[in-house]
Amino acid sequence: MAESIVSGVAERLGNLLMQESNLLSGVSDQVELLQTELKLMQSLLKDADARQDESELLRLYIAEVRDLAYDAEDIIATYALKVASRKRCTCILYEGMTVPKVGSQIVNIKAKISVLITSFRDYGIRESIIQGGGSSSSWNEREREQRQTFSHLERHSIVGFDDDVNELVEFLLKEGEGNIRVASICGMGGLGKTTLAKMVYNHHEVKQHYDCFAWVYISQQCQRRLVWEGILFSLLSLSKEQRNGIRQLTDAELADKLVQVQKEQKCLVVLDDIWNVEDWNNLCGGFPGNDSKSQILLTSRNKQVPLHIDPESLLYELQCLNDEKSWELFEKIAWREDSKAKTRMKDLGKQMIGYCGGLPLLIIVLGGLLATKQTQEKWEDVLRHVKSYLYVEQNLRINMILALSYNDLPCHLKPCFLYLAHFPEDFEIPTKELIRMWMGEGFISQIQHGGRREGTIMEEGVGERYIWELVQRFMIQVGKRGSLGRIKTRQIHDLMRDFCLLKVQEENFLHITNVFSLKQREGLICKVRRLSIIPESGDNSLKVMTFNKYPYLRSILHLLPPYDQPYFKDFRFKKFKLVRVIHLENFEKHSRKLIRDIGCLIHLRYLSLKDSNINKVSSSIGNLRYLETLDLRILNHSRVPNVFKYMKQLKHLYLPNDYNVHGKLELGNLCYLRTLVNVQPNTIQIPTSFQLNRLWVLKVRTNTRAQDTIQILVSLISRCPNVEKLNILNSIKKKLPEAHQFSQNLAKLTLFKTRLEEDQMATLEKLPNLKILNLLYEAFEGKNMVCSERGFPLLQSLFLSELFQLEEWRVEEGALPNLCHLEIVCCPRLKMIPDGLRFVTTLQKLEIKSMQKSFKDKLDKGGPDFDKVKHVSSIAFQNCGRE
């Protein structure tokens with residue numbers, strides 16, 4: 001890990017020298033020499049990191065190098081901050097006094113590093129060649145190779161689960177006697193309880209049997225309110241506005257509503273990873289005791305939990321794999337393809353999986369490690385490392401295997417992996433935000449993508465490659481997928497997270513804290529560089545926090561639940577002068593103003609205030625000229641300043657849902673802008689000659705009072721020729737822009753509350769690359785809709801929701817030739833499914849939700865419309881029980 005820290009510091013110093021030499025006036029020569037010394041140290045650390053278990057002395061050397069690298073960055077970043085501040089104030093009276101002091105500090109650190117380099121060489125540590133990044137074409141080639149080589153890994157099935165799945169499905173399909181029934185999967189961590197539960201949950205017979213579904217993660221910190229809300233949101237498929245209404249209910253009202261839904265509908269609720277009986281006693285008020293066809297599927301490490309809930313419930317205890325099954329699973333992971341090497345390496349593989357004790361997680365992680373090493377010599381080297389541990393206790397064996405996989409990570413991936421410890425247990429980590437935090441921290445460097453400056457397109461591509469590498473090594477898991485196939489969220493297995501927490505503590509990489517420990521730490525003098533505030537159950541009061549003792553912070557994440565935010569009474573950004581990442585989701589400031597001193601944070605790259613209660617944004621954010629991501633999707637109507645024109649590095653701009661501005665927002669300088677969300681076209685100004693060529697995501701909120709809405713909208717989208725995702729919210733009334741006025745790259749289009757009076761399918765079906773179309777909540781107010789022959793040539797997913805006036809939908813033969821997924825929700829006047837769907841042979845998944853019972857009955861087997869959809873492999877109904 002020290003190697004990656006030193007490498008990162010050297011890279012960031014180099015960027016500062018190239019891009020902002022004026023901020024290092026007087027000390028740039030010393031900084032350049034220090035960077036050279038750090039690169040020399042980096043060449044030694046690869047060997048040193050691998051051998052640090054040899055002696056305590058070597059571990060101390062490595063820790064000292066890590067701290068010196070951090071100290072060097074602190075000194076130089078602080079100096080750059082002072083120079084920038086004085087330049088803004090046109091005051092340089094004391095700059096001459098600062099230069100000698102900083103120069104002396106740099107020389108001192110450089111001397112200490114030189115001594116350590118000598119010590120490493122005396123210890124026998126060998127230098128290694130530092131690999132460069134290569135060209136962008138070689139990066140693309142590597143990415144293609146990895147996706148081809150490892151594409152099967154995500155789809156691998158855990159061996160030996162077929163009988164388990166069948167037994168659990170059979171139990172869940174039986175009609176109960178009026179009492180809620182429970183099926184349980186129990187066993188130690190890493191056996192595959194959640195994997196088995198997902199296989200059952202997604203089983204096609206289960207999907208057809210139940211009306212509503214919910215999956216919630218319980219974790220060790222069981223928060224009843226969040227669990228109940230999560231279940232209800234899933235069962236009812238609620239909109240954001242409806243969810244906010246649910247959050248206003250008392251606990252008793254929430255429990256009553258949850259019980260009512262489970263009595264009225266046939267629901268399957270999965271409680272994943274419930275730890276103890278007390279957690280169930282805390283949650284059980286949200287489940288009906290009788291008169292219900294709903295059922296619960298739970299996973300637990302403690303079989304006393306299901307026995308306490310219902311002694312006669314189905315209790316499925318998973319066991320460790322035997323030798324045969326262990327080898328079968330290992331084979332699926334460890335070899336990319338059939339090869340002669342299998343014969344020679346089979347004995348090596350069997351020796352190594354013997355250390356896994358039949359635990360599937362460890363076999364998968366070890367297989368993922370060996371899949372990157374396809375020679376006998378490399379396998380022998382891994383075996384030597386495994387054999388160097390003599391532990392037999394289960395916990396030590398787990399950490400041994402996970403440590404092997406971690407130690408084998410390339411230098412650039414280690415801090416990316418450790419960064420996952422910021423997030424709570426069972427948290428679904430948003431991929432986009434994670435990559436942008438990595439970018440903000442400097443973990444994704446220009447070297448990694450050939451030194452080209454192409455906005456975020458190349459950088460985020462590198463970030464996605466990093467994530468794929470971690471997935472391929474089974475160090476993180478795939479969570480939810482987006483509509484275009486990209487992975488929206490990631491998760492980390494509990495055991496992997498436990499290991500990650502150990503490593504961040506060892507490396508002094510991150511401090512994870514609740515309120516109590518944070519108050520204790522305030523009195524300590526400690527160089528905390530990353531801080532994640534995660535509450536324990538019922539402990540979320542931060543009213544008196546002042547953060548006086550954290551001048552070295554690089555990132556601060558505030559991850560409190562959305563329904564009970566604490567107020568920060570005295571929050572001052574100027575205390576975090578070196579910070580690069582601030583994520584304050586659900587943050588509440590008692591004054592409700594984003595205070596002016598945020599403009600002091602010139603090193604800031606990432607700022608998110610999503611779902612916070614700020615109603616006024618300070619104009620000082622215009623000083624944040626390095627800012628790349630700004631998320632202002634705050635809860636209230638807000639006033640935003642016209643300062644974005646100064647933030648020339650901005651790549652992702654999320655405006656408030658509802659905002660006003662004095663004059664017009666000038667966006668003509670934002671050459672690298674890739675995401676623009678919640679923009680009101682009538683509030684912005686873009687020069688006639690300027691185009692947002694790099695913009696990929698655009699979300700527009702039209703002004704319903706404007707007379708020339710369509711002209712303003714056309715003017716905006718014509719400036720965005722490469723947009724792939726477009727959302728249009730609020731009324732347009734008459735019609736959409738013409739097909740040729742949209743980006744020809746448009747792949748996903750969402751219309752919400754546009755209240756179109758005329759059928760616009762004739763326009764939309766001409767978009768050549770459209771793959772996903774969502775028509776949501778009064779997007780169309782007409783009665784008839786027609787999809788013409790050869791229309792929508794590439795459309796794969798169509799979502800029709802809350803089109804209250806729609807009565808007839810016609811699909812001509814030859815239309816929608818690639819449609820795979822169709823979802824119809826709450827279109828109460830729609831009489832029947834289109835007859836033309838019988839010709840859409842590609843349709844694989846049909847979901848019907850909150851529709852009339854008569855509509856559902858027509859589609860059931862034997863119904864008059866079943867013949868239209870009998871070729872569809874998966875048909876699911878939800879909330880279709882009443883007229």
# chains A, B, ... in the order shown; residues from 1 in each chain; ligands from 1
>>> residues_around(residues="A:Leu773", least_positions_apart="5", cutoff="10 Å", atoms="only C-alpha atoms", output="VMD selection string")
chain A and resid 483 747 to 751 764 to 765 792 795 to 800
>>> residues_around(residues="A:Gln52", least_positions_apart="4", cutoff="12 Å", atoms="only C-alpha atoms", output="PDB file with N, CA, C and O atoms, in the first residue's frame")
ATOM      1  N   MET A   1       0.819  -1.203   0.000  1.00  0.00           N
ATOM      2  CA  MET A   1       0.000   0.000   0.000  1.00  0.00           C
ATOM      3  C   MET A   1       0.860   1.264   0.000  1.00  0.00           C
ATOM      4  O   MET A   1       0.521   2.265  -0.603  1.00  0.00           O
ATOM      5  N   ALA A   2       2.007   1.214   0.689  1.00  0.00           N
ATOM      6  CA  ALA A   2       2.886   2.382   0.709  1.00  0.00           C
ATOM      7  C   ALA A   2       3.307   2.757  -0.707  1.00  0.00           C
ATOM      8  O   ALA A   2       3.438   3.946  -1.038  1.00  0.00           O
ATOM      9  N   LEU A  45       9.618   0.191  -3.224  1.00  0.00           N
ATOM     10  CA  LEU A  45       8.520  -0.192  -2.340  1.00  0.00           C
ATOM     11  C   LEU A  45       7.752  -1.415  -2.814  1.00  0.00           C
ATOM     12  O   LEU A  45       7.119  -2.094  -2.010  1.00  0.00           O
ATOM     13  N   LYS A  46       7.784  -1.700  -4.099  1.00  0.00           N
ATOM     14  CA  LYS A  46       7.080  -2.891  -4.573  1.00  0.00           C
ATOM     15  C   LYS A  46       7.640  -4.141  -3.896  1.00  0.00           C
ATOM     16  O   LYS A  46       6.893  -4.980  -3.382  1.00  0.00           O
ATOM     17  N   ASP A  47       8.961  -4.239  -3.854  1.00  0.00           N
ATOM     18  CA  ASP A  47       9.612  -5.373  -3.184  1.00  0.00           C
ATOM     19  C   ASP A  47       9.423  -5.277  -1.666  1.00  0.00           C
ATOM     20  O   ASP A  47       9.161  -6.280  -0.994  1.00  0.00           O
ATOM     21  N   ALA A  48       9.501  -4.054  -1.132  1.00  0.00           N
ATOM     22  CA  ALA A  48       9.377  -3.878   0.321  1.00  0.00           C
ATOM     23  C   ALA A  48       7.987  -4.256   0.805  1.00  0.00           C
ATOM     24  O   ALA A  48       7.829  -4.940   1.831  1.00  0.00           O
ATOM     25  N   GLU A  56       9.542  -6.613  11.914  1.00  0.00           N
ATOM     26  CA  GLU A  56       8.887  -5.407  12.417  1.00  0.00           C
ATOM     27  C   GLU A  56       9.636  -4.159  11.944  1.00  0.00           C
ATOM     28  O   GLU A  56       9.013  -3.118  11.670  1.00  0.00           O
ATOM     29  N   LEU A  57      10.969  -4.242  11.817  1.00  0.00           N
ATOM     30  CA  LEU A  57      11.757  -3.098  11.377  1.00  0.00           C
ATOM     31  C   LEU A  57      11.347  -2.658   9.977  1.00  0.00           C
ATOM     32  O   LEU A  57      11.189  -1.459   9.709  1.00  0.00           O
ATOM     33  N   LEU A  58      11.170  -3.634   9.086  1.00  0.00           N
ATOM     34  CA  LEU A  58      10.780  -3.302   7.720  1.00  0.00           C
ATOM     35  C   LEU A  58       9.398  -2.660   7.691  1.00  0.00           C
ATOM     36  O   LEU A  58       9.144  -1.699   6.945  1.00  0.00           O
ATOM     37  N   ARG A  59       8.483  -3.152   8.520  1.00  0.00           N
ATOM     38  CA  ARG A  59       7.148  -2.548   8.588  1.00  0.00           C
ATOM     39  C   ARG A  59       7.242  -1.096   9.070  1.00  0.00           C
ATOM     40  O   ARG A  59       6.517  -0.216   8.588  1.00  0.00           O
ATOM     41  N   LEU A  60       8.127  -0.838  10.013  1.00  0.00           N
ATOM     42  CA  LEU A  60       8.297   0.533  10.509  1.00  0.00           C
ATOM     43  C   LEU A  60       8.861   1.438   9.416  1.00  0.00           C
ATOM     44  O   LEU A  60       8.462   2.596   9.285  1.00  0.00           O
ATOM     45  N   TYR A  61       9.841   0.925   8.648  1.00  0.00           N
ATOM     46  CA  TYR A  61      10.385   1.695   7.527  1.00  0.00           C
ATOM     47  C   TYR A  61       9.266   2.093   6.555  1.00  0.00           C
ATOM     48  O   TYR A  61       9.167   3.241   6.103  1.00  0.00           O
ATOM     49  N   ILE A  62       8.442   1.098   6.212  1.00  0.00           N
ATOM     50  CA  ILE A  62       7.379   1.336   5.229  1.00  0.00           C
ATOM     51  C   ILE A  62       6.373   2.354   5.763  1.00  0.00           C
ATOM     52  O   ILE A  62       5.932   3.259   5.035  1.00  0.00           O
ATOM     53  N   ALA A  63       6.005   2.233   7.034  1.00  0.00           N
ATOM     54  CA  ALA A  63       5.071   3.187   7.642  1.00  0.00           C
ATOM     55  C   ALA A  63       5.653   4.598   7.632  1.00  0.00           C
ATOM     56  O   ALA A  63       4.940   5.588   7.395  1.00  0.00           O
ATOM     57  N   PHE A 120      16.641   0.736   2.993  1.00  0.00           N
ATOM     58  CA  PHE A 120      15.995  -0.325   2.217  1.00  0.00           C
ATOM     59  C   PHE A 120      17.042  -1.124   1.430  1.00  0.00           C
ATOM     60  O   PHE A 120      16.991  -2.359   1.376  1.00  0.00           O
ATOM     61  N   TYR A 123      18.946  -3.398   3.532  1.00  0.00           N
ATOM     62  CA  TYR A 123      18.121  -4.535   3.954  1.00  0.00           C
ATOM     63  C   TYR A 123      18.022  -5.585   2.839  1.00  0.00           C
ATOM     64  O   TYR A 123      17.607  -6.714   3.072  1.00  0.00           O
ATOM     65  N   ILE A 125      16.441  -4.826  -0.198  1.00  0.00           N
ATOM     66  CA  ILE A 125      15.276  -4.539  -1.025  1.00  0.00           C
ATOM     67  C   ILE A 125      15.740  -4.154  -2.420  1.00  0.00           C
ATOM     68  O   ILE A 125      16.633  -3.315  -2.592  1.00  0.00           O
ATOM     69  N   ASN A 407      -2.855  -8.325  -1.510  1.00  0.00           N
ATOM     70  CA  ASN A 407      -1.438  -8.056  -1.765  1.00  0.00           C
ATOM     71  C   ASN A 407      -1.094  -8.171  -3.245  1.00  0.00           C
ATOM     72  O   ASN A 407      -0.153  -7.548  -3.726  1.00  0.00           O
TER      73      ASN A 407
END
>>> closest_atom_pairs(of="stretch 250-273 of chain A", to="stretch 284-287 of chain A", cutoff="8 Å", atoms="only C-alpha atoms", output="CSV")
residue,atom,partner,partner_atom,distance
A:Leu254,CA,A:Gly286,CA,7.9
A:Ala255,CA,A:Gly286,CA,4.5
A:Asp256,CA,A:Gly286,CA,6.9
A:Leu258,CA,A:Gly286,CA,5.8
A:Val259,CA,A:Phe287,CA,5.3
A:Gln262,CA,A:Phe287,CA,7.4
>>> select_by_dssp(residues="stretch 131-314 of chain A", states="alpha helix (DSSP H)", output="PyMOL selection string")
chain A and resi 136-150+162-173+193-201+204-209+224-236+240-246+251-264+277-283+304-309
>>> closest_residue(among="A:Ile634, A:Leu578, A:Val661, A:Met496", to="A:Ile76", atoms="only C-alpha atoms")
A:Leu578
>>> atom_distance(atom1="atom CA of A:Met199", atom2="atom CA of A:Leu434")
27.5 Å
>>> residues_around(residues="stretch 166-170 of chain A", least_positions_apart="3", cutoff="10 Å", atoms="only C-alpha atoms", output="ChimeraX atom specification")
/A:161-163,173-174,183-185,196-197,199-201,203-206,297,314-316
>>> write_last_selection(atoms="N, CA and C atoms", output="mmCIF file, in the first residue's frame")
data_model
loop_
_atom_site.group_PDB
_atom_site.id
_atom_site.type_symbol
_atom_site.label_atom_id
_atom_site.label_comp_id
_atom_site.auth_asym_id
_atom_site.auth_seq_id
_atom_site.Cartn_x
_atom_site.Cartn_y
_atom_site.Cartn_z
ATOM 1 N N PHE A 161 -26.165 -25.901 -5.853
ATOM 2 C CA PHE A 161 -27.329 -25.202 -5.323
ATOM 3 C C PHE A 161 -28.642 -25.637 -5.972
ATOM 4 N N ASP A 162 -28.599 -26.480 -6.985
ATOM 5 C CA ASP A 162 -29.822 -26.815 -7.708
ATOM 6 C C ASP A 162 -30.878 -27.422 -6.793
ATOM 7 N N ASP A 163 -30.491 -28.413 -6.007
ATOM 8 C CA ASP A 163 -31.463 -29.057 -5.105
ATOM 9 C C ASP A 163 -31.971 -28.083 -4.051
ATOM 10 N N LEU A 173 -43.990 -21.798 -2.911
ATOM 11 C CA LEU A 173 -45.156 -21.864 -3.806
ATOM 12 C C LEU A 173 -46.375 -22.481 -3.148
ATOM 13 N N LYS A 174 -46.194 -23.103 -2.002
ATOM 14 C CA LYS A 174 -47.331 -23.700 -1.303
ATOM 15 C C LYS A 174 -48.197 -22.615 -0.693
ATOM 16 N N ALA A 183 -39.242 -19.071 5.374
ATOM 17 C CA ALA A 183 -38.192 -19.992 4.934
ATOM 18 C C ALA A 183 -36.853 -19.340 5.257
ATOM 19 N N SER A 184 -35.924 -20.123 5.790
ATOM 20 C CA SER A 184 -34.662 -19.555 6.270
ATOM 21 C C SER A 184 -33.474 -20.287 5.671
ATOM 22 N N ILE A 185 -32.439 -19.504 5.341
ATOM 23 C CA ILE A 185 -31.166 -20.056 4.882
ATOM 24 C C ILE A 185 -30.125 -19.646 5.910
ATOM 25 N N LEU A 196 -27.771 -17.923 -2.813
ATOM 26 C CA LEU A 196 -28.880 -18.865 -2.911
ATOM 27 C C LEU A 196 -30.213 -18.130 -2.817
ATOM 28 N N ALA A 197 -30.324 -17.178 -1.894
ATOM 29 C CA ALA A 197 -31.569 -16.425 -1.745
ATOM 30 C C ALA A 197 -31.907 -15.667 -3.026
ATOM 31 N N MET A 199 -31.057 -16.534 -6.073
ATOM 32 C CA MET A 199 -31.493 -17.505 -7.074
ATOM 33 C C MET A 199 -32.966 -17.869 -6.877
ATOM 34 N N VAL A 200 -33.367 -18.004 -5.628
ATOM 35 C CA VAL A 200 -34.773 -18.313 -5.325
ATOM 36 C C VAL A 200 -35.656 -17.105 -5.632
ATOM 37 N N TYR A 201 -35.226 -15.947 -5.202
ATOM 38 C CA TYR A 201 -35.985 -14.700 -5.373
ATOM 39 C C TYR A 201 -36.260 -14.416 -6.855
ATOM 40 N N HIS A 203 -36.305 -16.705 -9.288
ATOM 41 C CA HIS A 203 -36.814 -17.891 -9.979
ATOM 42 C C HIS A 203 -38.114 -17.547 -10.704
ATOM 43 N N HIS A 204 -38.248 -18.003 -11.946
ATOM 44 C CA HIS A 204 -39.402 -17.594 -12.756
ATOM 45 C C HIS A 204 -40.729 -18.027 -12.152
ATOM 46 N N GLU A 205 -40.788 -19.193 -11.478
ATOM 47 C CA GLU A 205 -42.044 -19.625 -10.862
ATOM 48 C C GLU A 205 -42.401 -18.761 -9.664
ATOM 49 N N VAL A 206 -41.392 -18.346 -8.926
ATOM 50 C CA VAL A 206 -41.625 -17.449 -7.789
ATOM 51 C C VAL A 206 -42.134 -16.107 -8.282
ATOM 52 N N LEU A 297 -38.575 -14.817 3.350
ATOM 53 C CA LEU A 297 -37.362 -15.606 3.146
ATOM 54 C C LEU A 297 -36.246 -14.840 3.829
ATOM 55 N N LEU A 314 -39.346 -23.671 7.483
ATOM 56 C CA LEU A 314 -38.311 -24.384 6.736
ATOM 57 C C LEU A 314 -36.953 -23.786 7.067
ATOM 58 N N LEU A 315 -36.098 -24.573 7.665
ATOM 59 C CA LEU A 315 -34.756 -24.123 8.035
ATOM 60 C C LEU A 315 -33.749 -24.850 7.153
ATOM 61 N N TYR A 316 -33.059 -24.103 6.290
ATOM 62 C CA TYR A 316 -32.104 -24.689 5.362
ATOM 63 C C TYR A 316 -30.705 -24.308 5.804
#
>>> closest_residue(among="A:Leu594, A:Met345, A:Leu557, A:Cys356", to="A:His422", atoms="only C-alpha atoms")
A:Leu557
>>> residues_around(residues="A:Gly192", least_positions_apart="3", cutoff="9 Å", atoms="only C-alpha atoms", output="list in words")
Ile158, Gly187, Met188, Gly189, Thr195, Leu196, Ala197, Leu318, Leu359, Pro360 and Leu361 of chain A
>>> write_last_selection(atoms="N, CA and C atoms", output="tab-separated table (two decimals), in the first residue's frame")
chain	number	residue	atom	x	y	z
A	158	ILE	N	-22.94	-20.69	-8.58
A	158	ILE	CA	-22.34	-21.43	-7.48
A	158	ILE	C	-22.76	-22.89	-7.59
A	187	GLY	N	-26.20	-20.31	7.99
A	187	GLY	CA	-24.84	-20.81	7.85
A	187	GLY	C	-23.85	-19.70	8.09
A	188	MET	N	-22.57	-20.05	8.19
A	188	MET	CA	-21.52	-19.07	8.47
A	188	MET	C	-21.31	-18.15	7.28
A	189	GLY	N	-20.63	-17.04	7.52
A	189	GLY	CA	-20.34	-16.09	6.46
A	189	GLY	C	-19.50	-16.71	5.37
A	195	THR	N	-26.40	-15.54	-2.14
A	195	THR	CA	-26.44	-16.02	-3.53
A	195	THR	C	-27.60	-16.98	-3.73
A	196	LEU	N	-27.77	-17.92	-2.81
A	196	LEU	CA	-28.88	-18.86	-2.91
A	196	LEU	C	-30.21	-18.13	-2.82
A	197	ALA	N	-30.32	-17.18	-1.89
A	197	ALA	CA	-31.57	-16.43	-1.74
A	197	ALA	C	-31.91	-15.67	-3.03
A	318	LEU	N	-26.84	-24.33	5.23
A	318	LEU	CA	-25.79	-24.56	4.24
A	318	LEU	C	-24.54	-25.09	4.91
A	359	LEU	N	-15.06	-23.27	1.97
A	359	LEU	CA	-15.85	-22.04	2.03
A	359	LEU	C	-15.90	-21.42	0.63
A	360	PRO	N	-17.09	-21.33	0.02
A	360	PRO	CA	-17.18	-20.85	-1.36
A	360	PRO	C	-16.55	-19.49	-1.59
A	361	LEU	N	-16.77	-18.55	-0.68
A	361	LEU	CA	-16.20	-17.21	-0.88
A	361	LEU	C	-14.70	-17.27	-1.05
>>> atom_distance(atom1="atom CA of A:Leu235", atom2="atom CA of A:Val269")
8.6 Å
>>> residues_around(residues="A:Leu716", least_positions_apart="4", cutoff="10 Å", atoms="only C-alpha atoms", output="short mmCIF file (atom, residue, chain, number, x, y, z; two decimals) with all heavy atoms, in the first residue's frame")
data_model
loop_
_atom_site.label_atom_id
_atom_site.label_comp_id
_atom_site.auth_asym_id
_atom_site.auth_seq_id
_atom_site.Cartn_x
_atom_site.Cartn_y
_atom_site.Cartn_z
N GLN A 680 -32.91 24.36 -16.28
CA GLN A 680 -34.08 25.02 -16.84
C GLN A 680 -33.61 25.83 -18.05
O GLN A 680 -32.86 26.79 -17.88
CB GLN A 680 -34.74 25.93 -15.80
CG GLN A 680 -35.19 25.21 -14.54
CD GLN A 680 -35.60 26.16 -13.43
OE1 GLN A 680 -35.92 27.33 -13.68
NE2 GLN A 680 -35.60 25.66 -12.20
N PRO A 681 -33.99 25.44 -19.25
CA PRO A 681 -33.40 26.07 -20.45
C PRO A 681 -33.56 27.58 -20.49
O PRO A 681 -32.69 28.28 -21.04
CB PRO A 681 -34.18 25.40 -21.59
CG PRO A 681 -34.63 24.10 -21.04
CD PRO A 681 -34.90 24.35 -19.59
N ASN A 682 -34.62 28.11 -19.90
CA ASN A 682 -34.83 29.56 -19.95
C ASN A 682 -33.96 30.32 -18.96
O ASN A 682 -33.95 31.55 -18.94
CB ASN A 682 -36.30 29.88 -19.67
CG ASN A 682 -36.75 29.40 -18.30
OD1 ASN A 682 -36.53 28.25 -17.95
ND2 ASN A 682 -37.38 30.27 -17.53
N ILE A 684 -30.51 29.73 -18.70
CA ILE A 684 -29.09 29.61 -19.07
C ILE A 684 -28.79 30.42 -20.31
O ILE A 684 -29.68 30.77 -21.10
CB ILE A 684 -28.68 28.14 -19.29
CG1 ILE A 684 -29.42 27.54 -20.48
CG2 ILE A 684 -28.92 27.34 -18.03
CD1 ILE A 684 -28.94 26.17 -20.85
N GLN A 685 -27.50 30.69 -20.46
CA GLN A 685 -27.02 31.45 -21.63
C GLN A 685 -25.80 30.75 -22.18
O GLN A 685 -24.82 30.53 -21.47
CB GLN A 685 -26.69 32.88 -21.21
CG GLN A 685 -26.12 33.73 -22.32
CD GLN A 685 -25.82 35.15 -21.83
OE1 GLN A 685 -26.62 35.73 -21.13
NE2 GLN A 685 -24.65 35.66 -22.20
N ILE A 686 -25.88 30.37 -23.46
CA ILE A 686 -24.76 29.72 -24.13
C ILE A 686 -24.49 30.48 -25.42
O ILE A 686 -25.41 30.72 -26.20
CB ILE A 686 -25.08 28.24 -24.45
CG1 ILE A 686 -25.42 27.47 -23.17
CG2 ILE A 686 -23.91 27.57 -25.15
CD1 ILE A 686 -25.84 26.04 -23.41
N GLN A 691 -20.77 24.78 -28.47
CA GLN A 691 -21.52 23.54 -28.33
C GLN A 691 -20.95 22.72 -27.18
O GLN A 691 -19.75 22.70 -26.95
CB GLN A 691 -21.46 22.72 -29.63
CG GLN A 691 -22.31 23.28 -30.74
CD GLN A 691 -22.48 22.29 -31.88
OE1 GLN A 691 -21.51 21.66 -32.31
NE2 GLN A 691 -23.69 22.15 -32.36
N LEU A 692 -21.86 22.05 -26.48
CA LEU A 692 -21.44 21.16 -25.38
C LEU A 692 -21.14 19.79 -25.98
O LEU A 692 -21.90 18.83 -25.83
CB LEU A 692 -22.56 21.09 -24.33
CG LEU A 692 -22.85 22.41 -23.60
CD1 LEU A 692 -24.18 22.35 -22.86
CD2 LEU A 692 -21.72 22.73 -22.62
N LEU A 698 -28.15 14.68 -20.14
CA LEU A 698 -28.86 15.95 -20.04
C LEU A 698 -30.24 15.70 -19.46
O LEU A 698 -31.01 14.89 -19.99
CB LEU A 698 -28.97 16.62 -21.42
CG LEU A 698 -29.79 17.92 -21.49
CD1 LEU A 698 -29.15 19.01 -20.63
CD2 LEU A 698 -29.93 18.38 -22.94
N VAL A 700 -33.55 17.94 -18.42
CA VAL A 700 -34.12 19.26 -18.60
C VAL A 700 -35.44 19.37 -17.84
O VAL A 700 -36.29 18.48 -17.92
CB VAL A 700 -34.38 19.54 -20.10
CG1 VAL A 700 -35.00 20.91 -20.30
CG2 VAL A 700 -33.08 19.42 -20.89
N ILE A 710 -40.97 25.05 -26.45
CA ILE A 710 -40.42 24.12 -27.43
C ILE A 710 -39.23 24.74 -28.16
O ILE A 710 -38.22 24.06 -28.41
CB ILE A 710 -41.50 23.67 -28.44
CG1 ILE A 710 -40.98 22.52 -29.31
CG2 ILE A 710 -41.99 24.81 -29.28
CD1 ILE A 710 -40.70 21.27 -28.54
N GLN A 711 -39.29 26.05 -28.45
CA GLN A 711 -38.17 26.71 -29.13
C GLN A 711 -36.93 26.73 -28.24
O GLN A 711 -35.81 26.50 -28.70
CB GLN A 711 -38.55 28.13 -29.54
CG GLN A 711 -39.56 28.22 -30.67
CD GLN A 711 -41.00 28.08 -30.18
OE1 GLN A 711 -41.25 27.89 -28.99
NE2 GLN A 711 -41.93 28.18 -31.12
N ILE A 712 -37.13 27.03 -26.95
CA ILE A 712 -36.01 27.05 -26.00
C ILE A 712 -35.40 25.66 -25.86
O ILE A 712 -34.19 25.49 -25.83
CB ILE A 712 -36.47 27.58 -24.63
CG1 ILE A 712 -36.93 29.05 -24.75
CG2 ILE A 712 -35.35 27.47 -23.60
CD1 ILE A 712 -37.54 29.59 -23.48
N CYS A 720 -26.14 20.17 -27.99
CA CYS A 720 -25.62 18.96 -27.32
C CYS A 720 -25.66 17.80 -28.31
O CYS A 720 -26.50 16.89 -28.19
CB CYS A 720 -26.46 18.64 -26.08
SG CYS A 720 -26.73 20.03 -24.98
N PRO A 721 -24.77 17.80 -29.30
CA PRO A 721 -24.88 16.84 -30.41
C PRO A 721 -24.55 15.40 -30.06
O PRO A 721 -24.83 14.50 -30.86
CB PRO A 721 -23.88 17.40 -31.43
CG PRO A 721 -22.87 18.13 -30.61
CD PRO A 721 -23.64 18.72 -29.48
#
>>> decode(residues="stretch 755-768 of chain A", atoms="C-alpha atoms", output="compact mmCIF listing (two decimals), in the first residue's frame")
# COMPACT_ATOMS: atom_id res chain seq x y z
CA ARG A 755 -48.52 16.13 -21.09
CA LEU A 756 -48.16 15.70 -24.83
CA GLU A 757 -51.52 15.99 -26.54
CA GLU A 758 -50.55 14.26 -29.79
CA ASP A 759 -49.10 10.79 -30.30
CA GLN A 760 -45.34 11.30 -30.70
CA MET A 761 -44.41 7.73 -31.58
CA ALA A 762 -44.03 8.74 -35.25
CA THR A 763 -41.22 11.08 -34.15
CA LEU A 764 -39.57 8.87 -31.53
CA GLU A 765 -39.51 5.71 -33.67
CA LYS A 766 -37.19 7.48 -36.12
CA LEU A 767 -34.40 7.94 -33.57
CA PRO A 768 -31.77 5.55 -35.00
